[in-house]
>>> print(open('upload_22.txt').read())   # compact mmCIF, C-alpha atoms
# COMPACT_ATOMS: atom_id res chain seq x y z
CA MET A 1 62.99 118.06 144.65
CA LYS A 2 59.23 118.64 144.58
CA ALA A 3 59.84 122.31 145.31
CA GLU A 4 56.21 123.34 145.63
CA GLN A 5 55.62 120.54 148.12
CA MET A 6 58.63 121.70 150.14
CA TRP A 7 57.42 125.31 150.08
CA GLY A 8 54.36 124.19 151.99
CA VAL A 9 56.75 123.55 154.88
CA SER A 10 59.61 125.99 154.32
CA THR A 11 60.52 128.82 151.95
CA GLY A 12 63.75 129.85 153.64
CA LYS A 13 62.11 132.65 155.60
CA GLY A 14 64.27 134.02 158.39
CA VAL A 15 67.54 132.72 156.94
CA LYS A 16 70.21 135.05 155.55
CA VAL A 17 72.77 133.80 153.05
CA ALA A 18 76.04 135.65 152.46
CA VAL A 19 76.90 135.41 148.76
CA ILE A 20 80.61 136.07 148.27
CA ASP A 21 81.06 136.56 144.56
CA THR A 22 81.22 139.27 141.89
CA GLY A 23 78.63 141.39 143.66
CA VAL A 24 74.83 141.15 143.55
CA ASN A 25 72.53 143.45 141.58
CA PRO A 26 69.51 144.04 143.84
CA SER A 27 67.46 145.64 141.06
CA THR A 28 66.66 142.62 138.90
CA PRO A 29 62.93 141.79 138.99
CA SER A 30 63.63 138.55 140.83
CA LEU A 31 65.78 140.14 143.55
CA LYS A 32 63.85 143.30 144.42
CA GLY A 33 63.44 143.29 148.20
CA GLN A 34 65.64 140.21 148.58
CA VAL A 35 69.08 141.79 148.98
CA LEU A 36 70.10 143.27 152.35
CA ALA A 37 72.77 145.66 151.12
CA ASP A 38 72.63 147.73 154.32
CA GLU A 39 73.74 144.69 156.32
CA VAL A 40 77.09 144.37 154.57
CA PRO A 41 79.79 145.48 157.04
CA LYS A 42 81.11 148.87 155.90
CA ALA A 43 84.72 147.70 155.76
CA VAL A 44 83.85 145.31 152.91
CA ALA A 45 80.86 147.05 151.35
CA TYR A 46 82.67 148.56 148.37
CA LYS A 47 80.45 148.07 145.29
CA ALA A 48 78.74 145.06 146.87
CA THR A 49 75.67 145.74 144.72
CA ASP A 50 77.66 146.37 141.53
CA ASP A 51 78.01 142.97 139.88
CA PHE A 52 80.77 143.13 137.27
CA THR A 53 79.81 139.94 135.36
CA GLY A 54 76.30 138.84 136.36
CA HIS A 55 77.64 135.73 138.09
CA GLY A 56 76.96 136.75 141.68
CA THR A 57 73.48 137.99 140.81
CA THR A 58 72.65 134.68 139.15
CA MET A 59 73.79 132.79 142.25
CA ALA A 60 71.66 135.03 144.45
CA GLU A 61 68.61 134.46 142.24
CA LEU A 62 69.07 130.70 142.39
CA ILE A 63 69.07 130.90 146.16
CA ALA A 64 66.41 133.50 146.89
CA GLY A 65 64.93 134.86 143.65
CA THR A 66 61.17 135.50 143.74
CA GLY A 67 60.51 134.72 140.07
CA SER A 68 58.96 138.15 139.51
CA GLY A 69 59.05 139.65 136.04
CA GLY A 70 59.91 136.34 134.38
CA GLY A 71 63.12 136.01 136.38
CA LEU A 72 64.51 132.97 138.16
CA LYS A 73 62.67 131.70 141.18
CA GLY A 74 65.12 130.44 143.74
CA LEU A 75 64.83 127.27 145.76
CA ALA A 76 64.50 129.31 148.98
CA PRO A 77 62.42 132.29 147.74
CA GLU A 78 61.92 133.87 151.15
CA ALA A 79 65.54 133.69 152.26
CA LYS A 80 67.53 136.95 152.10
CA ILE A 81 70.87 137.69 150.48
CA ILE A 82 73.78 139.64 151.96
CA PRO A 83 76.01 140.55 148.98
CA TYR A 84 79.82 140.70 148.84
CA ARG A 85 81.96 141.75 145.90
CA VAL A 86 85.48 140.37 146.13
CA ASP A 87 88.66 140.63 144.09
CA LEU A 88 88.11 138.00 141.42
CA GLU A 89 89.77 137.77 138.05
CA GLY A 90 87.97 139.92 135.52
CA LEU A 91 87.51 142.75 138.00
CA PRO A 92 87.42 145.97 135.94
CA GLY A 93 89.30 149.12 136.83
CA GLY A 94 92.90 147.94 137.13
CA LYS A 95 95.14 148.18 140.18
CA ASN A 96 93.21 151.01 141.81
CA GLU A 97 90.02 148.97 141.80
CA GLU A 98 91.84 145.91 143.12
CA LYS A 99 93.08 147.89 146.10
CA ARG A 100 89.58 149.09 146.99
CA THR A 101 87.82 145.77 146.48
CA PRO A 102 87.75 143.42 149.48
CA LYS A 103 89.84 140.27 149.42
CA ILE A 104 88.13 136.91 149.89
CA ALA A 105 89.47 136.43 153.40
CA GLN A 106 88.19 139.86 154.44
CA ALA A 107 84.71 139.08 153.12
CA ILE A 108 84.57 135.69 154.85
CA ARG A 109 85.58 137.20 158.19
CA ALA A 110 83.10 140.03 157.81
CA ALA A 111 80.29 137.64 156.92
CA ALA A 112 81.17 135.53 159.94
CA ASP A 113 80.48 138.52 162.18
CA THR A 114 76.95 139.01 160.79
CA ASP A 115 73.83 136.96 161.48
CA ALA A 116 74.02 135.24 158.10
CA LYS A 117 73.77 131.50 158.75
CA ILE A 118 75.20 130.35 155.41
CA ILE A 119 78.21 131.58 153.42
CA SER A 120 77.92 130.58 149.76
CA MET A 121 81.09 130.67 147.64
CA SER A 122 80.77 129.75 143.95
CA PHE A 123 84.46 130.08 143.11
CA GLY A 124 87.64 128.11 143.57
CA GLY A 125 91.37 127.92 142.96
CA TYR A 126 94.64 127.94 144.86
CA ALA A 127 95.02 127.81 148.63
CA TYR A 128 96.04 130.89 150.60
CA PRO A 129 96.85 130.89 154.34
CA GLU A 130 94.76 133.99 155.01
CA ASP A 131 91.73 132.36 153.39
CA GLU A 132 92.11 129.20 155.44
CA GLU A 133 92.33 131.21 158.65
CA ALA A 134 89.21 133.13 157.66
CA ILE A 135 87.40 129.84 157.03
CA LYS A 136 88.39 128.58 160.48
CA TYR A 137 87.15 131.81 162.02
CA ALA A 138 83.79 131.53 160.26
CA ALA A 139 83.48 127.89 161.33
CA SER A 140 84.11 128.87 164.94
CA LYS A 141 81.14 131.22 164.60
CA GLY A 142 78.84 128.38 163.58
CA LYS A 143 78.48 129.35 159.92
CA LEU A 144 77.68 126.77 157.25
CA LEU A 145 80.35 127.24 154.57
CA ILE A 146 79.55 125.92 151.08
CA ALA A 147 81.79 126.14 147.99
CA ALA A 148 82.14 124.87 144.42
CA VAL A 149 84.54 121.98 143.85
CA GLY A 150 85.46 123.25 140.38
CA ASN A 151 84.95 122.37 136.73
CA ALA A 152 88.18 120.51 135.93
CA GLY A 153 86.58 117.15 135.15
CA ARG A 154 87.39 117.44 131.46
CA SER A 155 90.78 119.03 132.08
CA THR A 156 94.09 117.26 131.65
CA LYS A 157 94.65 118.26 135.28
CA LYS A 158 91.75 116.28 136.66
CA ASP A 159 93.41 116.01 140.05
CA LEU A 160 93.39 119.80 140.46
CA ILE A 161 92.14 120.65 143.94
CA ASP A 162 89.99 123.74 144.36
CA TYR A 163 89.90 125.93 147.44
CA PRO A 164 87.99 127.01 149.50
CA ALA A 165 86.00 123.81 148.84
CA ALA A 166 88.96 121.66 149.94
CA TYR A 167 89.52 123.46 153.22
CA PRO A 168 88.30 121.76 156.39
CA TYR A 169 84.88 122.98 157.54
CA VAL A 170 83.73 123.74 153.98
CA ILE A 171 81.07 121.67 152.20
CA GLY A 172 82.38 121.03 148.68
CA VAL A 173 79.62 120.73 146.06
CA ALA A 174 79.79 118.86 142.76
CA ALA A 175 77.38 119.27 139.81
CA ALA A 176 74.93 116.80 138.27
CA ASP A 177 72.72 116.61 135.17
CA GLU A 178 68.93 116.20 134.97
CA ASN A 179 69.24 112.46 135.53
CA GLY A 180 71.16 112.94 138.75
CA THR A 181 74.43 111.79 137.17
CA VAL A 182 77.57 113.66 138.21
CA SER A 183 78.54 116.05 135.40
CA LYS A 184 81.61 115.18 133.35
CA PHE A 185 83.04 118.65 133.91
CA SER A 186 82.67 118.47 137.69
CA SER A 187 85.95 118.10 139.58
CA SER A 188 86.46 115.06 141.77
CA GLY A 189 88.44 114.19 144.86
CA GLY A 190 88.28 113.73 148.59
CA TYR A 191 86.91 117.23 149.07
CA VAL A 192 83.58 116.53 147.33
CA ASP A 193 80.90 116.36 150.02
CA LEU A 194 77.54 116.79 148.27
CA THR A 195 76.09 117.04 144.77
CA ALA A 196 73.39 119.33 143.34
CA PRO A 197 72.05 120.23 139.86
CA GLY A 198 74.50 122.13 137.67
CA GLN A 199 73.49 121.77 134.01
CA GLY A 200 71.06 123.22 131.53
CA PHE A 201 69.95 126.34 133.35
CA PRO A 202 69.59 130.05 132.61
CA GLY A 203 71.87 132.68 134.08
CA TRP A 204 72.59 136.32 133.33
CA CYS A 205 74.65 136.61 130.14
CA ASP A 206 76.68 139.59 131.37
CA ALA A 207 76.64 142.70 133.52
CA THR A 208 74.06 144.46 131.31
CA PHE A 209 71.34 142.22 132.82
CA ARG A 210 69.35 142.23 129.59
CA SER A 211 68.90 138.51 129.11
CA TYR A 212 69.64 135.03 130.38
CA CYS A 213 71.96 132.55 128.65
CA ASP A 214 72.41 128.78 129.01
CA ARG A 215 74.84 127.97 131.81
CA GLU A 216 76.43 125.02 133.57
CA GLY A 217 78.96 124.51 136.35
CA THR A 218 79.52 123.78 140.00
CA SER A 219 78.58 127.39 140.75
CA PRO A 220 74.82 126.79 140.43
CA ALA A 221 75.19 123.51 142.26
CA THR A 222 76.72 125.43 145.16
CA ALA A 223 73.90 127.98 145.11
CA LEU A 224 71.25 125.25 145.18
CA ALA A 225 72.99 123.42 148.01
CA SER A 226 73.03 126.71 149.94
CA ALA A 227 69.34 127.17 149.22
CA ALA A 228 68.60 123.62 150.35
CA ALA A 229 70.36 124.35 153.63
CA ALA A 230 68.33 127.56 153.97
CA LEU A 231 65.08 125.61 153.63
CA VAL A 232 66.13 123.18 156.34
CA TRP A 233 67.41 125.87 158.70
CA SER A 234 64.26 127.93 158.24
CA ALA A 235 62.13 124.96 159.25
CA HIS A 236 64.40 124.23 162.22
CA PRO A 237 65.77 127.61 163.39
CA ASP A 238 67.06 126.15 166.64
CA TRP A 239 69.35 123.67 164.89
CA THR A 240 73.12 124.18 164.79
CA VAL A 241 75.33 124.02 161.73
CA ASN A 242 76.17 120.43 162.70
CA GLN A 243 72.54 119.35 162.63
CA VAL A 244 71.78 121.06 159.32
CA THR A 245 74.86 119.46 157.76
CA ARG A 246 74.09 116.04 159.20
CA SER A 247 70.51 116.14 157.91
CA LEU A 248 71.69 116.95 154.38
CA ILE A 249 74.28 114.17 154.45
CA ASP A 250 71.95 111.55 155.91
CA THR A 251 69.17 112.23 153.38
CA ALA A 252 71.41 112.62 150.31
CA GLY A 253 70.64 110.29 147.40
CA ARG A 254 73.42 107.77 146.74
CA LYS A 255 74.03 104.20 145.56
CA TRP A 256 77.13 103.67 147.65
CA PRO A 257 77.55 103.18 151.41
CA LYS A 258 77.39 106.35 153.47
CA GLU A 259 80.64 105.41 155.20
CA LYS A 260 82.40 105.31 151.82
CA PRO A 261 81.75 108.72 150.23
CA SER A 262 82.43 108.87 146.52
CA LYS A 263 85.18 111.08 145.12
CA TYR A 264 82.71 112.10 142.40
CA GLY A 265 79.48 112.64 144.34
CA GLY A 266 80.57 112.82 147.97
CA TYR A 267 77.69 111.71 150.21
CA GLY A 268 75.21 112.11 147.34
CA MET A 269 72.56 114.43 145.91
CA VAL A 270 70.97 116.96 148.25
CA ARG A 271 67.34 116.13 149.03
CA PRO A 272 66.01 118.62 151.61
CA ARG A 273 62.51 117.30 150.94
CA LEU A 274 63.28 114.22 153.03
CA VAL A 275 64.16 116.42 155.98
CA LEU A 276 61.20 118.77 155.62
CA GLU A 277 58.53 116.11 155.18
CA GLU A 278 59.29 114.74 158.65
CA ALA A 279 58.27 117.36 161.20
CA LYS A 280 60.15 115.65 164.03
CA TYR A 281 63.25 114.80 162.03
CA ASP A 282 66.10 113.77 164.33
CA ALA A 283 69.23 115.63 163.23
CA GLY A 284 71.42 114.20 165.96
CA PRO A 285 73.69 115.94 168.47
CA ALA A 286 73.84 119.72 168.24
CA HIS A 287 77.52 120.01 169.10
CA GLU A 288 79.00 117.05 167.26
CA ASP A 289 80.51 117.74 163.84
CA PRO A 290 79.28 115.03 161.41
CA LEU A 291 82.44 115.57 159.34
CA ALA A 292 84.82 115.75 162.30
CA LYS A 293 87.24 113.16 160.91
CA GLU A 294 87.43 114.85 157.51
CA ASN A 295 87.73 118.29 159.10
CA GLY A 296 90.38 117.17 161.55
CA GLY A 297 89.30 119.57 164.28
CA ASP A 298 86.53 120.53 166.67
CA LEU A 299 85.71 124.11 165.65
CA LEU A 300 82.17 123.20 164.59
CA ALA A 301 81.62 121.14 167.72
CA LYS A 302 82.45 124.22 169.77
CA ALA A 303 80.70 126.68 167.46
CA GLY A 304 78.12 128.88 169.11
CA THR A 305 79.57 128.57 172.60
CA ALA A 306 80.38 131.77 174.45
CA ALA A 307 84.11 131.22 174.10
CA ALA A 308 83.93 130.62 170.37
CA SER A 309 81.58 133.41 169.37
CA SER A 310 82.06 136.29 171.79
CA ALA A 311 84.84 138.22 170.06
CA PRO A 312 84.58 139.63 166.52
CA SER A 313 87.32 138.99 164.00
CA SER A 314 90.36 141.18 163.81
CA SER A 315 90.65 142.67 160.35
CA ALA A 316 92.97 141.35 158.92
CA SER A 317 93.50 113.60 160.47
CA THR A 318 92.00 111.25 157.94
CA PRO A 319 89.42 108.47 158.65
CA SER A 320 90.05 104.93 157.49
CA GLN A 321 87.19 105.12 154.96
CA ALA A 322 86.36 108.76 154.28
CA PRO A 323 88.80 110.79 152.16
CA ALA A 324 90.68 113.64 153.77
CA LYS A 325 89.78 117.19 152.92
CA GLY A 326 92.15 118.52 150.29
CA SER A 327 93.16 115.11 148.96
CA ALA A 328 92.74 114.16 145.33
CA GLY A 329 91.76 110.64 146.27
CA GLY A 330 88.48 109.27 147.44
CA THR A 331 86.31 106.19 147.53
CA ALA A 332 84.36 105.72 144.31
CA ALA A 333 81.23 103.65 143.95
CA ALA A 334 82.09 100.20 142.69
CA GLY A 335 82.42 100.00 138.93
CA SER A 336 81.53 103.64 138.38
CA SER A 337 83.32 106.70 137.12
CA ALA A 338 80.32 109.01 137.27
CA GLU A 339 77.67 108.06 139.78
CA SER A 340 74.00 108.95 139.97
CA SER A 341 71.46 109.34 142.75
CA ASP A 342 69.13 106.50 143.61
CA ASP A 343 66.23 108.93 144.02
CA SER A 344 63.71 108.70 141.20
CA ASN A 345 62.68 112.27 141.95
CA THR A 346 65.75 113.99 140.57
CA LEU A 347 66.79 117.48 141.51
CA TRP A 348 65.41 119.17 138.43
CA ILE A 349 62.98 121.95 139.19
CA ALA A 350 60.91 123.97 136.75
CA LEU A 351 60.00 127.25 138.36
CA GLY A 352 59.35 130.92 137.72
CA ALA A 353 56.87 132.91 135.70
CA VAL A 354 57.57 130.94 132.55
CA ALA A 355 58.45 127.67 134.31
CA ALA A 356 62.11 128.48 133.80
CA VAL A 357 64.41 125.72 134.93
CA LEU A 358 66.05 126.79 138.09
CA VAL A 359 69.77 126.40 137.80
CA ILE A 360 72.38 128.21 135.82
CA GLY A 361 75.89 127.30 135.05
CA GLY A 362 79.26 128.41 136.11
CA VAL A 363 79.15 131.67 134.16
CA GLY A 364 82.72 131.18 133.08
CA ALA A 365 83.54 134.85 132.58
CA ALA A 366 83.70 135.42 136.30
CA VAL A 367 87.07 134.14 137.30
CA LEU A 368 89.21 135.06 140.18
CA ARG A 369 92.92 135.64 140.23
CA ALA A 370 94.03 132.08 140.57
CA ARG A 371 90.45 131.25 141.44
CA ARG A 372 87.56 130.93 139.05
CA ALA A 373 83.88 131.42 139.65
CA ARG A 374 82.42 128.01 138.99
>>> encode(input="upload_22.txt", output="C-alpha cells")
Amino acid sequence: MKAEQMWGVSTGKGVKVAVIDTGVNPSTPSLKGQVLADEVPKAVAYKATDDFTGHGTTMAELIAGTGSGGGLKGLAPEAKIIPYRVDLEGLPGGKNEEKRTPKIAQAIRAAADTDAKIISMSFGGYAYPEDEEAIKYAASKGKLLIAAVGNAGRSTKKDLIDYPAAYPYVIGVAAADENGTVSKFSSSGGYVDLTAPGQGFPGWCDATFRSYCDREGTSPATALASAAAALVWSAHPDWTVNQVTRSLIDTAGRKWPKEKPSKYGGYGMVRPRLVLEEAKYDAGPAHEDPLAKENGGDLLAKAGTAAASSAPSSSASTPSQAPAKGSAGGTAAAGSSAESSDDSNTLWIALGAVAAVLVIGGVGAAVLRARRAR
C-alpha cells in the first residue's frame, strides 16, 4: 500500500467511522483521543466503550490507531471512531444484559443519523428483515456500508451466505494473504465486492487488553477496507459515497475483467494509493451508484438529497455479468480457485512503534447470535 507515501496526501483526518462491534476500549495507548464516545446517540450508547472480547477495539485500532505505546497504527491514523456495542454472541451478563444492549439494526439506524461517513461491520450471519431495513435507511443517508463476507471457505458449507455483507448497498470484503492471494478461509460468492489483507496480524487476545495475539479473518480485511475509504474521503471531502466506492472499485488490483467480478475476490484488492497519488482523480458521477445493478435499487443515487436525508430514523435485479447480491454464485477468474492481485506492491504494511504488521484476524471469540465477528 505504501502507507507512508499515502500519508503524505491523506491520513483520514476529518472522517468519522462508526464501528459496530463488541464495543471499543478508548483507553488503549493506540486509541487515546481517537474514540468519540460522546457522539454515540444515547439510545444506543449502553457500554459502547466496554469491549467484551477485544474484537471491536482491534478493528478500531486497525482503522484509526495512532501506534502510540507500541500499539497498532491504523491505516487512517487521523480518522476518528464512533463506537457501538451490539448484541453479539458471547455477550456476558445473560438475558438482562441482552435486553439492555442495542440490537444491530438499532445501531445501524443510529449511526446513519450521525455524521459518520463510514459504517464498518466486522461480523456476519443470518439475514433479518429489521437489519435489511436499517441498511436501506443508512444507504439513503449516503453512508458507505462495509462488512465481512465471512470465514466459511474451509467449511463444508462453503456456499454459506453472510449478512449484512450480502445485503444490497453493503460492500462485502474478503481476506487475502501477504502475497495478495485470497485466503482459503475467506467465504466466496456473488456478495464479495472487494478484498483486503486478513492474515498474519496482531490483535487483542481478550478483554483484559494485556497483549496482542496472532489473528486472521475477514474482520481485519473489513477494517482495512474501511480505513482505505477513510483515506480517500478525507482527501476528497466533497465526494459522495458513490464516488468513493467507484474509485475503490476502479483502482482495485485484479487479473480478471472488471465487468466479470470474481466470486472469490470481487473487483479486486483495495489500492487507495492509486486514487490518492492523482490529485485530480476523476471519480465519475456523484449521484450514480457504481453497483446499481447488483444493488437493484437507487437509494445511493438519491442519497444526500433533501428528500432522502431530511428525516431521522424512527426507532425501531441481476446484471448479465455481475453476480447478484446475496447469491452464492459469481464469475471466477479463468482457471482459478483463489485469485491474487496483479499489483506487485501488495497490501502488507509494517507500521507502529515496533513496525508491527497492521492487520489482525477475525478474533474468533467474538461471535454474534447467529452472526459471528469475522
>>> atom_distance(input="upload_22.txt", atom1="atom CA of A:Val35", atom2="atom CA of A:Ala64")
9.0 Å
>>> atom_distance(input="upload_22.txt", atom1="atom CA of A:Ala111", atom2="atom CA of A:Leu62")
19.6 Å
>>> closest_residue(input="upload_22.txt", among="A:Gly153, A:Pro164, A:Gly94, A:Gly203", to="A:Tyr126", atoms="all atoms listed in the file")
A:Pro164
>>> atom_distance(input="upload_22.txt", atom1="atom CA of A:Trp7", atom2="atom CA of A:Leu248")
17.1 Å
>>> residues_around(input="upload_22.txt", residues="A:Lys258", least_positions_apart="4", cutoff="9 Å", atoms="all atoms listed in the file", output="list in words")
Ile249, Asp250, Arg254, Ser262, Tyr267 and Gly268 of chain A
>>> write_last_selection(input="upload_22.txt", atoms="C-alpha atoms", output="PDB file, in the frame of the given file")
ATOM      1  CA  ILE A 249      74.280 114.170 154.450  1.00  0.00           C
ATOM      2  CA  ASP A 250      71.950 111.550 155.910  1.00  0.00           C
ATOM      3  CA  ARG A 254      73.420 107.770 146.740  1.00  0.00           C
ATOM      4  CA  SER A 262      82.430 108.870 146.520  1.00  0.00           C
ATOM      5  CA  TYR A 267      77.690 111.710 150.210  1.00  0.00           C
ATOM      6  CA  GLY A 268      75.210 112.110 147.340  1.00  0.00           C
TER       7      GLY A 268
END
>>> residues_around(input="upload_22.txt", residues="A:Pro92", least_positions_apart="4", cutoff="9 Å", atoms="only C-alpha atoms", output="ChimeraX atom specification")
/A:52,97-98
>>> closest_residue(input="upload_22.txt", among="A:Thr114, A:Val44, A:Phe185, A:Trp204", to="A:Thr28", atoms="only C-alpha atoms")
A:Trp204
>>> closest_residue(input="upload_22.txt", among="A:Phe201, A:Trp239, A:Tyr167, A:Tyr212", to="A:Glu294", atoms="only C-alpha atoms")
A:Tyr167
>>> closest_residue(input="upload_22.txt", among="A:Ala138, A:Ile146, A:Ala127, A:Ala107", to="A:Ile161", atoms="only C-alpha atoms")
A:Ala127
>>> residues_around(input="upload_22.txt", residues="A:Gly65", least_positions_apart="4", cutoff="6 Å", atoms="all atoms listed in the file", output="VMD selection string")
chain A and resid 30 to 31 61 72 to 74 77
>>> closest_residue(input="upload_22.txt", among="A:Ala166, A:Leu231, A:Ala174, A:Val241", to="A:Glu216", atoms="all atoms listed in the file")
A:Ala174
>>> closest_residue(input="upload_22.txt", among="A:Cys213, A:Ala235, A:Ile82, A:Ala60", to="A:Ala37", atoms="all atoms listed in the file")
A:Ile82
>>> axis_aligned_box(input="upload_22.txt", around="stretch 291-303 of chain A", padding_each_side="3 Å", output="JSON")
{"center_x": 85.5, "center_y": 119.9, "center_z": 163.6, "size_x": 15.7, "size_y": 19.5, "size_z": 18.3}
>>> residues_near_point(input="upload_22.txt", point="(71.2, 125.0, 150.4)", cutoff="10 Å", atoms="all atoms listed in the file", output="MDAnalysis selection string")
chainID A and resid 12 17 63 75:76 118 120 144 146 196 221:233 244:245 248 270:272
>>> write_last_selection(input="upload_22.txt", atoms="C-alpha atoms", output="PDB file, in the frame of the given file")
ATOM      1  CA  GLY A  12      63.750 129.850 153.640  1.00  0.00           C
ATOM      2  CA  VAL A  17      72.770 133.800 153.050  1.00  0.00           C
ATOM      3  CA  ILE A  63      69.070 130.900 146.160  1.00  0.00           C
ATOM      4  CA  LEU A  75      64.830 127.270 145.760  1.00  0.00           C
ATOM      5  CA  ALA A  76      64.500 129.310 148.980  1.00  0.00           C
ATOM      6  CA  ILE A 118      75.200 130.350 155.410  1.00  0.00           C
ATOM      7  CA  SER A 120      77.920 130.580 149.760  1.00  0.00           C
ATOM      8  CA  LEU A 144      77.680 126.770 157.250  1.00  0.00           C
ATOM      9  CA  ILE A 146      79.550 125.920 151.080  1.00  0.00           C
ATOM     10  CA  ALA A 196      73.390 119.330 143.340  1.00  0.00           C
ATOM     11  CA  ALA A 221      75.190 123.510 142.260  1.00  0.00           C
ATOM     12  CA  THR A 222      76.720 125.430 145.160  1.00  0.00           C
ATOM     13  CA  ALA A 223      73.900 127.980 145.110  1.00  0.00           C
ATOM     14  CA  LEU A 224      71.250 125.250 145.180  1.00  0.00           C
ATOM     15  CA  ALA A 225      72.990 123.420 148.010  1.00  0.00           C
ATOM     16  CA  SER A 226      73.030 126.710 149.940  1.00  0.00           C
ATOM     17  CA  ALA A 227      69.340 127.170 149.220  1.00  0.00           C
ATOM     18  CA  ALA A 228      68.600 123.620 150.350  1.00  0.00           C
ATOM     19  CA  ALA A 229      70.360 124.350 153.630  1.00  0.00           C
ATOM     20  CA  ALA A 230      68.330 127.560 153.970  1.00  0.00           C
ATOM     21  CA  LEU A 231      65.080 125.610 153.630  1.00  0.00           C
ATOM     22  CA  VAL A 232      66.130 123.180 156.340  1.00  0.00           C
ATOM     23  CA  TRP A 233      67.410 125.870 158.700  1.00  0.00           C
ATOM     24  CA  VAL A 244      71.780 121.060 159.320  1.00  0.00           C
ATOM     25  CA  THR A 245      74.860 119.460 157.760  1.00  0.00           C
ATOM     26  CA  LEU A 248      71.690 116.950 154.380  1.00  0.00           C
ATOM     27  CA  VAL A 270      70.970 116.960 148.250  1.00  0.00           C
ATOM     28  CA  ARG A 271      67.340 116.130 149.030  1.00  0.00           C
ATOM     29  CA  PRO A 272      66.010 118.620 151.610  1.00  0.00           C
TER      30      PRO A 272
END
